[in-house]
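Next comes structure29.cif, with mmCIF, C-alpha atoms.
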data_structure
#
loop_
_atom_site.label_atom_id
_atom_site.label_comp_id
_atom_site.auth_asym_id
_atom_site.auth_seq_id
_atom_site.Cartn_x
_atom_site.Cartn_y
_atom_site.Cartn_z
CA MET W 1 31.80 3.88 -22.05
CA LYS W 2 32.32 3.65 -18.29
CA GLU W 3 32.24 0.55 -16.17
CA ILE W 4 30.83 0.34 -12.64
CA ARG W 5 31.82 -2.05 -9.89
CA LEU W 6 29.68 -2.64 -6.81
CA ASP W 7 30.96 -3.84 -3.47
CA ILE W 8 27.95 -5.19 -1.57
CA GLU W 9 27.47 -8.36 0.41
CA LEU W 10 24.77 -10.64 -0.99
CA SER W 11 23.53 -14.12 -0.39
CA GLU W 12 23.87 -16.63 -3.22
CA LYS W 13 20.19 -16.25 -4.08
CA GLU W 14 20.36 -12.43 -4.14
CA TYR W 15 23.52 -12.53 -6.24
CA ALA W 16 21.92 -14.85 -8.78
CA GLU W 17 18.82 -12.68 -9.03
CA ILE W 18 20.73 -9.41 -9.46
CA SER W 19 23.11 -10.90 -12.00
CA LYS W 20 20.14 -12.26 -13.98
CA TYR W 21 18.61 -8.77 -14.12
CA LEU W 22 21.89 -7.07 -15.04
CA LYS W 23 22.59 -9.55 -17.84
CA SER W 24 19.10 -9.57 -19.37
CA LEU W 25 17.82 -5.97 -19.07
CA PRO W 26 19.08 -3.03 -21.12
CA VAL W 27 20.60 -0.07 -19.26
CA PRO W 28 17.67 2.36 -19.81
CA VAL W 29 15.24 -0.16 -18.31
CA LEU W 30 17.56 -0.74 -15.33
CA LEU W 31 17.87 2.99 -14.73
CA SER W 32 14.11 3.45 -14.96
CA GLY W 33 13.55 0.71 -12.39
CA LEU W 34 16.22 2.10 -10.08
CA ARG W 35 14.70 5.59 -10.29
CA PHE W 36 11.28 4.23 -9.44
CA ALA W 37 12.61 2.15 -6.53
CA TYR W 38 14.63 5.08 -5.19
CA ARG W 39 11.72 7.52 -5.33
CA ARG W 40 9.35 5.03 -3.72
CA PHE W 41 11.85 4.25 -0.96
CA MET W 42 12.38 7.95 -0.27
CA ALA W 43 8.61 8.58 -0.19
CA VAL W 44 7.98 5.70 2.22
CA SER W 45 10.89 6.59 4.49
CA GLY W 46 9.96 10.30 4.31
CA GLY W 47 6.48 9.53 5.57
CA TYR W 48 4.41 10.83 2.67
CA LEU W 49 3.64 7.55 0.92
CA PHE W 50 1.62 4.99 2.82
CA PRO W 51 1.62 1.69 0.95
CA GLY W 52 -1.13 -0.64 2.01
CA ARG W 53 -3.96 1.88 2.16
CA LYS W 54 -6.26 -0.41 0.21
CA SER W 55 -5.55 -3.24 2.57
CA ILE W 56 -6.83 -1.11 5.47
CA VAL W 57 -10.13 -0.58 3.64
CA LYS W 58 -10.36 -4.27 2.77
CA ARG W 59 -9.47 -5.29 6.31
CA GLU W 60 -12.31 -3.17 7.71
CA THR W 61 -14.93 -4.20 5.14
CA HIS W 62 -14.25 -7.61 3.60
CA MET W 63 -16.31 -9.73 6.03
CA ILE W 64 -19.10 -7.21 6.64
CA THR W 65 -22.67 -8.28 5.94
CA LYS W 66 -25.35 -5.97 4.61
CA VAL W 67 -26.92 -5.63 8.08
CA GLN W 68 -23.57 -4.86 9.69
CA ALA W 69 -22.79 -2.26 7.02
CA ARG W 70 -26.13 -0.53 7.63
CA ARG W 71 -25.55 -0.55 11.39
CA ARG W 72 -22.10 1.00 10.97
CA LEU W 73 -23.47 3.67 8.65
CA LYS W 74 -26.26 4.43 11.12
CA ASN W 75 -23.65 4.93 13.88
CA TRP W 76 -21.16 6.66 11.61
CA LYS W 77 -20.09 9.37 14.09
CA SER W 78 -18.87 6.77 16.58
CA MET W 79 -17.23 4.81 13.76
CA ILE W 80 -15.24 7.91 12.79
CA ARG W 81 -14.03 8.24 16.38
CA ILE W 82 -12.99 4.56 16.45
CA PHE W 83 -11.17 4.84 13.12
CA ARG W 84 -9.37 8.02 14.22
CA GLU W 85 -8.26 6.25 17.41
CA LYS W 86 -6.79 3.54 15.19
CA GLY W 87 -4.84 6.26 13.39
CA TYR W 88 -6.70 6.20 10.07
CA SER W 89 -6.72 9.39 8.00
CA TYR W 90 -9.93 11.07 6.95
CA PRO W 91 -9.49 10.06 3.27
CA THR W 92 -9.12 6.42 4.37
CA ILE W 93 -12.23 6.72 6.56
CA SER W 94 -14.07 8.16 3.57
CA ARG W 95 -13.02 5.17 1.46
CA ILE W 96 -14.25 2.81 4.17
CA LYS W 97 -17.60 4.62 4.23
CA ARG W 98 -17.88 4.42 0.44
CA GLN W 99 -17.25 0.67 0.61
CA LEU W 100 -19.84 0.27 3.38
CA VAL W 101 -22.41 2.16 1.29
CA ASN W 102 -21.69 -0.18 -1.62
CA ILE W 103 -22.06 -3.24 0.60
CA SER W 104 -25.33 -2.05 2.12
CA ALA W 105 -26.73 -1.39 -1.36
CA ASP W 106 -25.40 -4.50 -3.17
CA ARG W 107 -25.61 -7.53 -0.95
#
This entry written out as structure tokens:
Amino acid sequence: MKEIRLDIELSEKEYAEISKYLKSLPVPVLLSGLRFAYRRFMAVSGGYLFPGRKSIVKRETHMITKVQARRRLKNWKSMIRIFREKGYSYPTISRIKRQLVNISADR
């Protein structure tokens, strides 16, 4: 069995948290978590994972009334232009439209 030593600078709080995880979790679980964290970090830094997509949809639709949703759907072409100027992707715009359709039908 091999032993690993890490040389990283941590605050007291970070050190306590990491040592708690290392003492309580088995090695396969630690490796699984590290693999997940590594892949997610590489995807975010590589530019092909955009965390927070749902928050964009919620931010655009959470305070919308039924009348406002209908008005936005009626003027959808201009809404697409506005959303594209904000930098939203077409799939995100489609999700916003789906939410607006739900709001105009439900409320």
>> Could you tell me how far CA of Arg59 in chain W sits from CA of Arg95 in chain W, in Å to one decimal place?
In response: 12.1 Å
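Note that CA of Ile103 in chain W and CA of Arg70 in chain W are 8.6 Å apart.
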Excluding same-chain residues fewer than 4 positions from Asn102 in chain W, what lies within 12 Å of it counting all atoms listed in the file, as a short mmCIF file (atom, residue, chain, number, x, y, z; two decimals) with C-alpha atoms, in the frame of the given file?
data_model
loop_
_atom_site.label_atom_id
_atom_site.label_comp_id
_atom_site.auth_asym_id
_atom_site.auth_seq_id
_atom_site.Cartn_x
_atom_site.Cartn_y
_atom_site.Cartn_z
CA THR W 61 -14.93 -4.20 5.14
CA HIS W 62 -14.25 -7.61 3.60
CA ILE W 64 -19.10 -7.21 6.64
CA THR W 65 -22.67 -8.28 5.94
CA LYS W 66 -25.35 -5.97 4.61
CA ALA W 69 -22.79 -2.26 7.02
CA ARG W 70 -26.13 -0.53 7.63
CA LEU W 73 -23.47 3.67 8.65
CA ARG W 95 -13.02 5.17 1.46
CA ILE W 96 -14.25 2.81 4.17
CA LYS W 97 -17.60 4.62 4.23
CA ARG W 98 -17.88 4.42 0.44
CA ASP W 106 -25.40 -4.50 -3.17
CA ARG W 107 -25.61 -7.53 -0.95
#
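Run against this file, the PyMOL selection byres ((chain W and resi 83) around 12) gives back W:Ile56, W:Val57, W:Glu60, W:Arg72, W:Trp76, W:Lys77, W:Ser78, W:Met79, W:Ile80, W:Arg81, W:Ile82, W:Arg84, W:Glu85, W:Lys86, W:Gly87, W:Tyr88, W:Ser89, W:Tyr90, W:Pro91, W:Thr92, W:Ile93, W:Ser94, W:Arg95, W:Ile96, W:Lys97.
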Would you save the residues from that selection as a PDB file, in the frame of the given file, using C-alpha atoms?
ATOM      1  CA  ILE W  56      -6.830  -1.110   5.470  1.00  0.00           C
ATOM      2  CA  VAL W  57     -10.130  -0.580   3.640  1.00  0.00           C
ATOM      3  CA  GLU W  60     -12.310  -3.170   7.710  1.00  0.00           C
ATOM      4  CA  ARG W  72     -22.100   1.000  10.970  1.00  0.00           C
ATOM      5  CA  TRP W  76     -21.160   6.660  11.610  1.00  0.00           C
ATOM      6  CA  LYS W  77     -20.090   9.370  14.090  1.00  0.00           C
ATOM      7  CA  SER W  78     -18.870   6.770  16.580  1.00  0.00           C
ATOM      8  CA  MET W  79     -17.230   4.810  13.760  1.00  0.00           C
ATOM      9  CA  ILE W  80     -15.240   7.910  12.790  1.00  0.00           C
ATOM     10  CA  ARG W  81     -14.030   8.240  16.380  1.00  0.00           C
ATOM     11  CA  ILE W  82     -12.990   4.560  16.450  1.00  0.00           C
ATOM     12  CA  ARG W  84      -9.370   8.020  14.220  1.00  0.00           C
ATOM     13  CA  GLU W  85      -8.260   6.250  17.410  1.00  0.00           C
ATOM     14  CA  LYS W  86      -6.790   3.540  15.190  1.00  0.00           C
ATOM     15  CA  GLY W  87      -4.840   6.260  13.390  1.00  0.00           C
ATOM     16  CA  TYR W  88      -6.700   6.200  10.070  1.00  0.00           C
ATOM     17  CA  SER W  89      -6.720   9.390   8.000  1.00  0.00           C
ATOM     18  CA  TYR W  90      -9.930  11.070   6.950  1.00  0.00           C
ATOM     19  CA  PRO W  91      -9.490  10.060   3.270  1.00  0.00           C
ATOM     20  CA  THR W  92      -9.120   6.420   4.370  1.00  0.00           C
ATOM     21  CA  ILE W  93     -12.230   6.720   6.560  1.00  0.00           C
ATOM     22  CA  SER W  94     -14.070   8.160   3.570  1.00  0.00           C
ATOM     23  CA  ARG W  95     -13.020   5.170   1.460  1.00  0.00           C
ATOM     24  CA  ILE W  96     -14.250   2.810   4.170  1.00  0.00           C
ATOM     25  CA  LYS W  97     -17.600   4.620   4.230  1.00  0.00           C
TER      26      LYS W  97
END
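The nearest approach to Lys74 in chain W among the residues W:Arg40, W:Ser104, W:Glu14, W:Tyr48, with all atoms listed in the file taken into account, belongs to W:Ser104.
Across the structure, CA of Pro28 in chain W and CA of Tyr15 in chain W are spaced 21.0 Å apart.
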Could you put an axis-aligned box around every listed atom of range 39-52 of chain W, padded by 3 Å on each side, and send me its centre and edge lengths in Å to one decimal, as AutoDock Vina command-line options?
--center_x 5.6 --center_y 5.1 --center_z 0.1 --size_x 19.5 --size_y 17.5 --size_z 16.9
Got a minute to add N, CA, C and O atoms to range 3-16 of chain W and dump it as a PDB file, keeping the file's coordinate frame?
ATOM      1  N   GLU W   3      32.595   1.807 -16.817  1.00  0.00           N
ATOM      2  CA  GLU W   3      32.240   0.550 -16.170  1.00  0.00           C
ATOM      3  C   GLU W   3      32.049   0.824 -14.680  1.00  0.00           C
ATOM      4  O   GLU W   3      32.743   1.662 -14.100  1.00  0.00           O
ATOM      5  N   ILE W   4      31.103   0.147 -14.070  1.00  0.00           N
ATOM      6  CA  ILE W   4      30.830   0.340 -12.640  1.00  0.00           C
ATOM      7  C   ILE W   4      31.034  -0.986 -11.907  1.00  0.00           C
ATOM      8  O   ILE W   4      30.697  -2.050 -12.412  1.00  0.00           O
ATOM      9  N   ARG W   5      31.624  -0.881 -10.738  1.00  0.00           N
ATOM     10  CA  ARG W   5      31.820  -2.050  -9.890  1.00  0.00           C
ATOM     11  C   ARG W   5      31.134  -1.774  -8.551  1.00  0.00           C
ATOM     12  O   ARG W   5      31.297  -0.705  -7.972  1.00  0.00           O
ATOM     13  N   LEU W   6      30.393  -2.760  -8.084  1.00  0.00           N
ATOM     14  CA  LEU W   6      29.680  -2.640  -6.810  1.00  0.00           C
ATOM     15  C   LEU W   6      30.322  -3.536  -5.780  1.00  0.00           C
ATOM     16  O   LEU W   6      30.703  -4.669  -6.082  1.00  0.00           O
ATOM     17  N   ASP W   7      30.410  -3.042  -4.562  1.00  0.00           N
ATOM     18  CA  ASP W   7      30.960  -3.840  -3.470  1.00  0.00           C
ATOM     19  C   ASP W   7      29.878  -3.952  -2.391  1.00  0.00           C
ATOM     20  O   ASP W   7      29.805  -3.126  -1.482  1.00  0.00           O
ATOM     21  N   ILE W   8      29.011  -4.945  -2.544  1.00  0.00           N
ATOM     22  CA  ILE W   8      27.950  -5.190  -1.570  1.00  0.00           C
ATOM     23  C   ILE W   8      27.926  -6.678  -1.241  1.00  0.00           C
ATOM     24  O   ILE W   8      28.264  -7.513  -2.076  1.00  0.00           O
ATOM     25  N   GLU W   9      27.536  -6.963  -0.013  1.00  0.00           N
ATOM     26  CA  GLU W   9      27.470  -8.360   0.410  1.00  0.00           C
ATOM     27  C   GLU W   9      26.073  -8.909   0.120  1.00  0.00           C
ATOM     28  O   GLU W   9      25.076  -8.320   0.528  1.00  0.00           O
ATOM     29  N   LEU W  10      26.030 -10.030  -0.600  1.00  0.00           N
ATOM     30  CA  LEU W  10      24.770 -10.640  -0.990  1.00  0.00           C
ATOM     31  C   LEU W  10      24.791 -12.126  -0.682  1.00  0.00           C
ATOM     32  O   LEU W  10      25.853 -12.752  -0.681  1.00  0.00           O
ATOM     33  N   SER W  11      23.621 -12.664  -0.484  1.00  0.00           N
ATOM     34  CA  SER W  11      23.530 -14.120  -0.390  1.00  0.00           C
ATOM     35  C   SER W  11      23.631 -14.692  -1.803  1.00  0.00           C
ATOM     36  O   SER W  11      23.570 -13.956  -2.794  1.00  0.00           O
ATOM     37  N   GLU W  12      23.775 -15.988  -1.905  1.00  0.00           N
ATOM     38  CA  GLU W  12      23.870 -16.630  -3.220  1.00  0.00           C
ATOM     39  C   GLU W  12      22.610 -16.376  -4.041  1.00  0.00           C
ATOM     40  O   GLU W  12      22.673 -16.112  -5.239  1.00  0.00           O
ATOM     41  N   LYS W  13      21.468 -16.451  -3.391  1.00  0.00           N
ATOM     42  CA  LYS W  13      20.190 -16.250  -4.080  1.00  0.00           C
ATOM     43  C   LYS W  13      20.060 -14.812  -4.583  1.00  0.00           C
ATOM     44  O   LYS W  13      19.661 -14.578  -5.723  1.00  0.00           O
ATOM     45  N   GLU W  14      20.422 -13.837  -3.741  1.00  0.00           N
ATOM     46  CA  GLU W  14      20.360 -12.430  -4.140  1.00  0.00           C
ATOM     47  C   GLU W  14      21.339 -12.151  -5.279  1.00  0.00           C
ATOM     48  O   GLU W  14      21.003 -11.434  -6.230  1.00  0.00           O
ATOM     49  N   TYR W  15      22.532 -12.718  -5.192  1.00  0.00           N
ATOM     50  CA  TYR W  15      23.520 -12.530  -6.240  1.00  0.00           C
ATOM     51  C   TYR W  15      23.020 -13.070  -7.579  1.00  0.00           C
ATOM     52  O   TYR W  15      23.151 -12.412  -8.615  1.00  0.00           O
ATOM     53  N   ALA W  16      22.430 -14.250  -7.545  1.00  0.00           N
ATOM     54  CA  ALA W  16      21.920 -14.850  -8.780  1.00  0.00           C
ATOM     55  C   ALA W  16      20.807 -14.000  -9.381  1.00  0.00           C
ATOM     56  O   ALA W  16      20.758 -13.792 -10.599  1.00  0.00           O
TER      57      ALA W  16
END
